[in-house]
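Worksheet for the structure shown next.
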Amino acid sequence: MKKKRSPLVVFLLVLDILVALAILGMITYGFLRDRQEARIPETPPVTEAPAETPAPTPEPTEPPVETPAPQPIDYYRDILSRYAAATAAKTGPEELSSGGLNPFMAYSYGENGQEHIGYLLRDIDQDGTEELLIGFLTGDMYTDQIVLELYALENGNVTKVFSSGERDRYYLCSDSMIANEASSSAYDSYYAYYDYTDGALRLREKIGFDMAANRTDPWYREAADSSRSVIQEEEAISLTNAVRSTYISAPYIPFSSYS
């Protein structure tokens, strides 16, 4: 016959079972929670990007204005303006000379000085830069062939190459050679022929008459190296007339058209 357990013993037994189940449940819950956390990756903290500062709107700018390169005539403006004023006023020889202008032109003003004196830009030596010529527009062929002044432009500087006078006249030939007829007296005169290059006159040859040096044979021919040889008058006249036939009347622009 089995011995019957007391109620107290039964109660304690049940309590032990419940405590054991509670402990087992806590262990199981902790295990499952650790596995779940291991599966879920940690989300990195979200950092906000700094707000971009908008670039300033550039203010509209005017396109640069290109300054045109100066032309040869721009360098000669001062000379041209002075000649234009002098021919308009029909300035006399002495005042022209003191002002650095050619006094020879005063004898050919006529009624309208600006119509009878003109200018021309021409590249005589074909170096790409134009020279300035001043000359006559009288209608007389022999006068209009005379070149009053020749100016050259070198590195932005204007220089006077030559200036004609009553007894010392320069001419432009058809081949761009420069001829010079000069005389100091009835016993001494010459015809010199030059090549114009690099802003200067370079002697090609000279036909001269010098009675003081040689009374019996005054005519001579001088080469570029200054060597001389005696020639006869007929040869001298033939040589000088041949060159004279090439003198040209340049197509000058009258100063009445200059502005």
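Residue numbers start at 1 in each chain; chains themselves are named A, B, ... in the order of the structure tokens; ligands are numbered from 1 in the order shown.
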
Per DSSP on the backbone, filter stretch 141-192 of chain A down to the residues in strand (DSSP E) and report them as a tab-separated table (two decimals) with C-alpha atoms, in the first residue's frame.
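This went into result.tsv:
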chain	number	residue	atom	x	y	z
A	146	ILE	CA	60.55	117.25	-108.47
A	147	VAL	CA	60.17	115.46	-105.13
A	148	LEU	CA	60.14	118.17	-102.47
A	149	GLU	CA	60.61	115.90	-99.46
A	150	LEU	CA	61.03	112.21	-98.74
A	151	TYR	CA	60.30	110.90	-95.24
A	152	ALA	CA	60.89	107.36	-94.02
A	153	LEU	CA	59.52	105.34	-91.12
A	154	GLU	CA	61.97	103.21	-89.12
A	157	ASN	CA	60.39	106.96	-85.89
A	158	VAL	CA	60.00	109.36	-88.81
A	159	THR	CA	63.16	110.69	-90.46
A	160	LYS	CA	63.72	113.03	-93.40
A	161	VAL	CA	65.72	111.32	-96.15
A	162	PHE	CA	66.19	114.35	-98.42
A	163	SER	CA	64.84	117.79	-99.23
A	168	ASP	CA	69.54	120.82	-105.45
A	169	ARG	CA	66.58	118.85	-106.80
A	170	TYR	CA	65.54	115.21	-106.32
A	171	TYR	CA	63.51	113.04	-108.69
A	172	LEU	CA	61.85	109.63	-108.53
A	178	ILE	CA	66.40	108.43	-106.88
A	179	ALA	CA	68.13	111.05	-109.05
A	180	ASN	CA	69.71	114.21	-107.69
A	181	GLU	CA	70.63	117.19	-109.88
A	182	ALA	CA	72.75	119.71	-108.02
A	183	SER	CA	74.90	122.69	-108.88
A	184	SER	CA	76.95	125.03	-106.72
A	185	SER	CA	78.18	127.23	-109.60
A	188	ASP	CA	80.68	122.66	-110.45
A	189	SER	CA	77.59	120.48	-110.89
A	190	TYR	CA	76.65	116.82	-110.85
A	191	TYR	CA	73.93	114.23	-111.47
A	192	ALA	CA	73.91	111.59	-108.74

If we count only C-alpha atoms, what is near A:Asp210 at a cut-off of 9 Å, once residues fewer than 4 positions away on the same chain are taken out, given as a list of chain:residue names?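 Using only C-alpha atoms, the neighbours found are A:Tyr187, A:Asp188, A:Ser189, A:Tyr190, A:Asn214, A:Arg215, A:Asp217, A:Pro218, A:Trp219, A:Tyr220.
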
A:Leu96 surroundings by only C-alpha atoms, 10 Å radius, close-in-sequence under 2 positions cut, as a PyMOL selection string: chain A and resi 82-83+86-87+90-94+98-106

If you count only C-alpha atoms, which residues fall within 12 Å of A:Pro72, apart from same-chain ones fewer than 2 positions away, as a PDB file with N, CA and C atoms, in the first residue's frame?
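Saved the output as around02.pdb:
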ATOM      1  N   ALA A  69      45.986  98.323 -85.151  1.00  0.00           N
ATOM      2  CA  ALA A  69      47.410  98.677 -85.229  1.00  0.00           C
ATOM      3  C   ALA A  69      47.573  99.957 -86.035  1.00  0.00           C
ATOM      4  N   PRO A  70      48.477 100.844 -85.608  1.00  0.00           N
ATOM      5  CA  PRO A  70      48.668 102.088 -86.352  1.00  0.00           C
ATOM      6  C   PRO A  70      49.185 101.818 -87.759  1.00  0.00           C
ATOM      7  N   ASP A  74      49.468 107.151 -89.984  1.00  0.00           N
ATOM      8  CA  ASP A  74      49.284 107.661 -88.619  1.00  0.00           C
ATOM      9  C   ASP A  74      50.579 108.258 -88.075  1.00  0.00           C
ATOM     10  N   TYR A  75      51.710 107.666 -88.442  1.00  0.00           N
ATOM     11  CA  TYR A  75      53.002 108.191 -87.986  1.00  0.00           C
ATOM     12  C   TYR A  75      53.358 109.506 -88.683  1.00  0.00           C
ATOM     13  N   TYR A  76      52.839 109.678 -89.901  1.00  0.00           N
ATOM     14  CA  TYR A  76      53.150 110.886 -90.664  1.00  0.00           C
ATOM     15  C   TYR A  76      52.150 112.012 -90.421  1.00  0.00           C
ATOM     16  N   ARG A  77      51.196 111.820 -89.521  1.00  0.00           N
ATOM     17  CA  ARG A  77      50.110 112.801 -89.339  1.00  0.00           C
ATOM     18  C   ARG A  77      50.629 114.192 -89.003  1.00  0.00           C
ATOM     19  N   ASP A  78      51.623 114.262 -88.135  1.00  0.00           N
ATOM     20  CA  ASP A  78      52.122 115.575 -87.722  1.00  0.00           C
ATOM     21  C   ASP A  78      52.673 116.353 -88.918  1.00  0.00           C
ATOM     22  N   LEU A  80      52.047 115.813 -92.143  1.00  0.00           N
ATOM     23  CA  LEU A  80      50.970 116.089 -93.091  1.00  0.00           C
ATOM     24  C   LEU A  80      50.088 117.253 -92.618  1.00  0.00           C
ATOM     25  N   LEU A 120      52.055 111.718-101.039  1.00  0.00           N
ATOM     26  CA  LEU A 120      51.869 110.360-101.539  1.00  0.00           C
ATOM     27  C   LEU A 120      52.578 109.389-100.615  1.00  0.00           C
ATOM     28  N   LEU A 121      51.914 108.288-100.301  1.00  0.00           N
ATOM     29  CA  LEU A 121      52.540 107.182 -99.570  1.00  0.00           C
ATOM     30  C   LEU A 121      52.891 106.101-100.583  1.00  0.00           C
ATOM     31  N   ARG A 122      54.180 105.717-100.601  1.00  0.00           N
ATOM     32  CA  ARG A 122      54.619 104.686-101.549  1.00  0.00           C
ATOM     33  C   ARG A 122      55.776 103.904-100.931  1.00  0.00           C
ATOM     34  N   ASP A 123      55.713 102.594-101.100  1.00  0.00           N
ATOM     35  CA  ASP A 123      56.785 101.717-100.618  1.00  0.00           C
ATOM     36  C   ASP A 123      57.865 101.664-101.703  1.00  0.00           C
ATOM     37  N   GLY A 128      57.869  96.674 -97.345  1.00  0.00           N
ATOM     38  CA  GLY A 128      56.615  96.514 -96.615  1.00  0.00           C
ATOM     39  C   GLY A 128      56.175  97.743 -95.847  1.00  0.00           C
ATOM     40  N   THR A 129      56.982  98.799 -95.823  1.00  0.00           N
ATOM     41  CA  THR A 129      56.640 100.037 -95.124  1.00  0.00           C
ATOM     42  C   THR A 129      56.646 101.192 -96.115  1.00  0.00           C
ATOM     43  N   GLU A 130      55.593 101.985 -96.100  1.00  0.00           N
ATOM     44  CA  GLU A 130      55.475 103.085 -97.059  1.00  0.00           C
ATOM     45  C   GLU A 130      56.252 104.316 -96.604  1.00  0.00           C
ATOM     46  N   GLU A 131      56.881 104.974 -97.575  1.00  0.00           N
ATOM     47  CA  GLU A 131      57.526 106.256 -97.344  1.00  0.00           C
ATOM     48  C   GLU A 131      56.538 107.370 -97.696  1.00  0.00           C
ATOM     49  N   LEU A 132      56.825 108.565 -97.235  1.00  0.00           N
ATOM     50  CA  LEU A 132      55.987 109.735 -97.517  1.00  0.00           C
ATOM     51  C   LEU A 132      56.730 110.673 -98.452  1.00  0.00           C
ATOM     52  N   TYR A 151      60.233 111.307 -96.648  1.00  0.00           N
ATOM     53  CA  TYR A 151      60.303 110.898 -95.245  1.00  0.00           C
ATOM     54  C   TYR A 151      60.200 109.386 -95.175  1.00  0.00           C
ATOM     55  N   ALA A 152      60.903 108.814 -94.216  1.00  0.00           N
ATOM     56  CA  ALA A 152      60.894 107.363 -94.020  1.00  0.00           C
ATOM     57  C   ALA A 152      60.481 107.038 -92.595  1.00  0.00           C
ATOM     58  N   LEU A 153      59.968 105.836 -92.424  1.00  0.00           N
ATOM     59  CA  LEU A 153      59.522 105.340 -91.117  1.00  0.00           C
ATOM     60  C   LEU A 153      60.390 104.152 -90.733  1.00  0.00           C
ATOM     61  N   GLU A 154      61.082 104.276 -89.589  1.00  0.00           N
ATOM     62  CA  GLU A 154      61.970 103.208 -89.121  1.00  0.00           C
ATOM     63  C   GLU A 154      61.721 102.971 -87.643  1.00  0.00           C
ATOM     64  N   ASN A 155      61.160 101.787 -87.302  1.00  0.00           N
ATOM     65  CA  ASN A 155      60.878 101.427 -85.902  1.00  0.00           C
ATOM     66  C   ASN A 155      60.021 102.477 -85.205  1.00  0.00           C
ATOM     67  N   GLY A 156      59.027 102.978 -85.915  1.00  0.00           N
ATOM     68  CA  GLY A 156      58.102 103.950 -85.331  1.00  0.00           C
ATOM     69  C   GLY A 156      58.617 105.373 -85.317  1.00  0.00           C
ATOM     70  N   ASN A 157      59.821 105.606 -85.843  1.00  0.00           N
ATOM     71  CA  ASN A 157      60.391 106.957 -85.887  1.00  0.00           C
ATOM     72  C   ASN A 157      60.415 107.467 -87.322  1.00  0.00           C
ATOM     73  N   VAL A 158      60.025 108.740 -87.493  1.00  0.00           N
ATOM     74  CA  VAL A 158      60.001 109.363 -88.815  1.00  0.00           C
ATOM     75  C   VAL A 158      61.286 110.162 -89.007  1.00  0.00           C
TER      76      VAL A 158
END

Pick out each residue of stretch 79-147 of chain A that DSSP on the backbone tags as helix (DSSP H, G or I); I need them as a PyMOL selection string. chain A and resi 79-89+93-98+103-108+113-116+141-144

Prev. selection, C-alpha atoms, output as a tab-separated table (two decimals), in the first residue's frame:
chain	number	residue	atom	x	y	z
A	79	ILE	CA	54.05	116.34	-90.92
A	80	LEU	CA	50.97	116.09	-93.09
A	81	SER	CA	48.94	118.36	-90.80
A	82	ARG	CA	51.68	121.00	-90.81
A	83	TYR	CA	51.95	120.93	-94.60
A	84	ALA	CA	48.16	121.11	-94.93
A	85	ALA	CA	48.05	124.19	-92.67
A	86	ALA	CA	51.00	125.86	-94.43
A	87	THR	CA	49.61	125.36	-97.93
A	88	ALA	CA	46.19	126.61	-96.82
A	89	ALA	CA	47.75	129.76	-95.36
A	93	PRO	CA	59.62	130.75	-97.49
A	94	GLU	CA	61.26	132.07	-94.32
A	95	GLU	CA	58.46	130.89	-92.05
A	96	LEU	CA	58.38	127.54	-93.81
A	97	SER	CA	62.10	127.08	-93.31
A	98	SER	CA	61.97	128.04	-89.63
A	103	PRO	CA	60.56	126.75	-98.46
A	104	PHE	CA	60.92	125.85	-102.16
A	105	MET	CA	57.21	125.08	-102.42
A	106	ALA	CA	56.19	128.69	-101.67
A	107	TYR	CA	57.03	129.68	-105.26
A	108	SER	CA	54.39	127.34	-106.68
A	113	GLY	CA	48.33	126.41	-102.40
A	114	GLN	CA	46.54	123.25	-101.29
A	115	GLU	CA	45.73	122.35	-104.90
A	116	HIS	CA	49.30	122.78	-106.08
A	141	MET	CA	55.85	118.56	-116.14
A	142	TYR	CA	59.35	119.65	-115.15
A	143	THR	CA	58.19	121.13	-111.85
A	144	ASP	CA	55.87	118.23	-111.01

Measuring atom to atom with only C-alpha atoms, identify which of A:Gly110, A:Thr240, A:Ile73, A:Ser176 is nearest to A:Ser259.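 Of all the options, A:Ile73 lies closest to A:Ser259.
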
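Across the model, the gap from atom CA of A:Arg167 to atom CA of A:Ala200 is 21.2 Å.
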
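Straight-line separation from atom CA of A:Gly118 to atom CA of A:Ser249: 11.6 Å.
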
Which one is closest to A:Ile124: A:Asp195, A:Glu166, A:Glu62, A:Glu234? Count only C-alpha atoms. A:Asp195

So what do you get for atom CA of A:Glu222 versus atom CA of A:Asp127, distance-wise? 27.9 Å

Who sits within 10 Å of A:Asp225, only C-alpha atoms, same chain under 5 positions skipped, as a PDB file with C-alpha atoms, in the first residue's frame:
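Result file follows (part-v9.pdb):
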ATOM      1  CA  LEU A 203      75.134 105.921-104.466  1.00  0.00           C
ATOM      2  CA  ARG A 204      74.911 103.930-107.672  1.00  0.00           C
ATOM      3  CA  GLU A 205      76.936 106.357-109.770  1.00  0.00           C
TER       4      GLU A 205
END
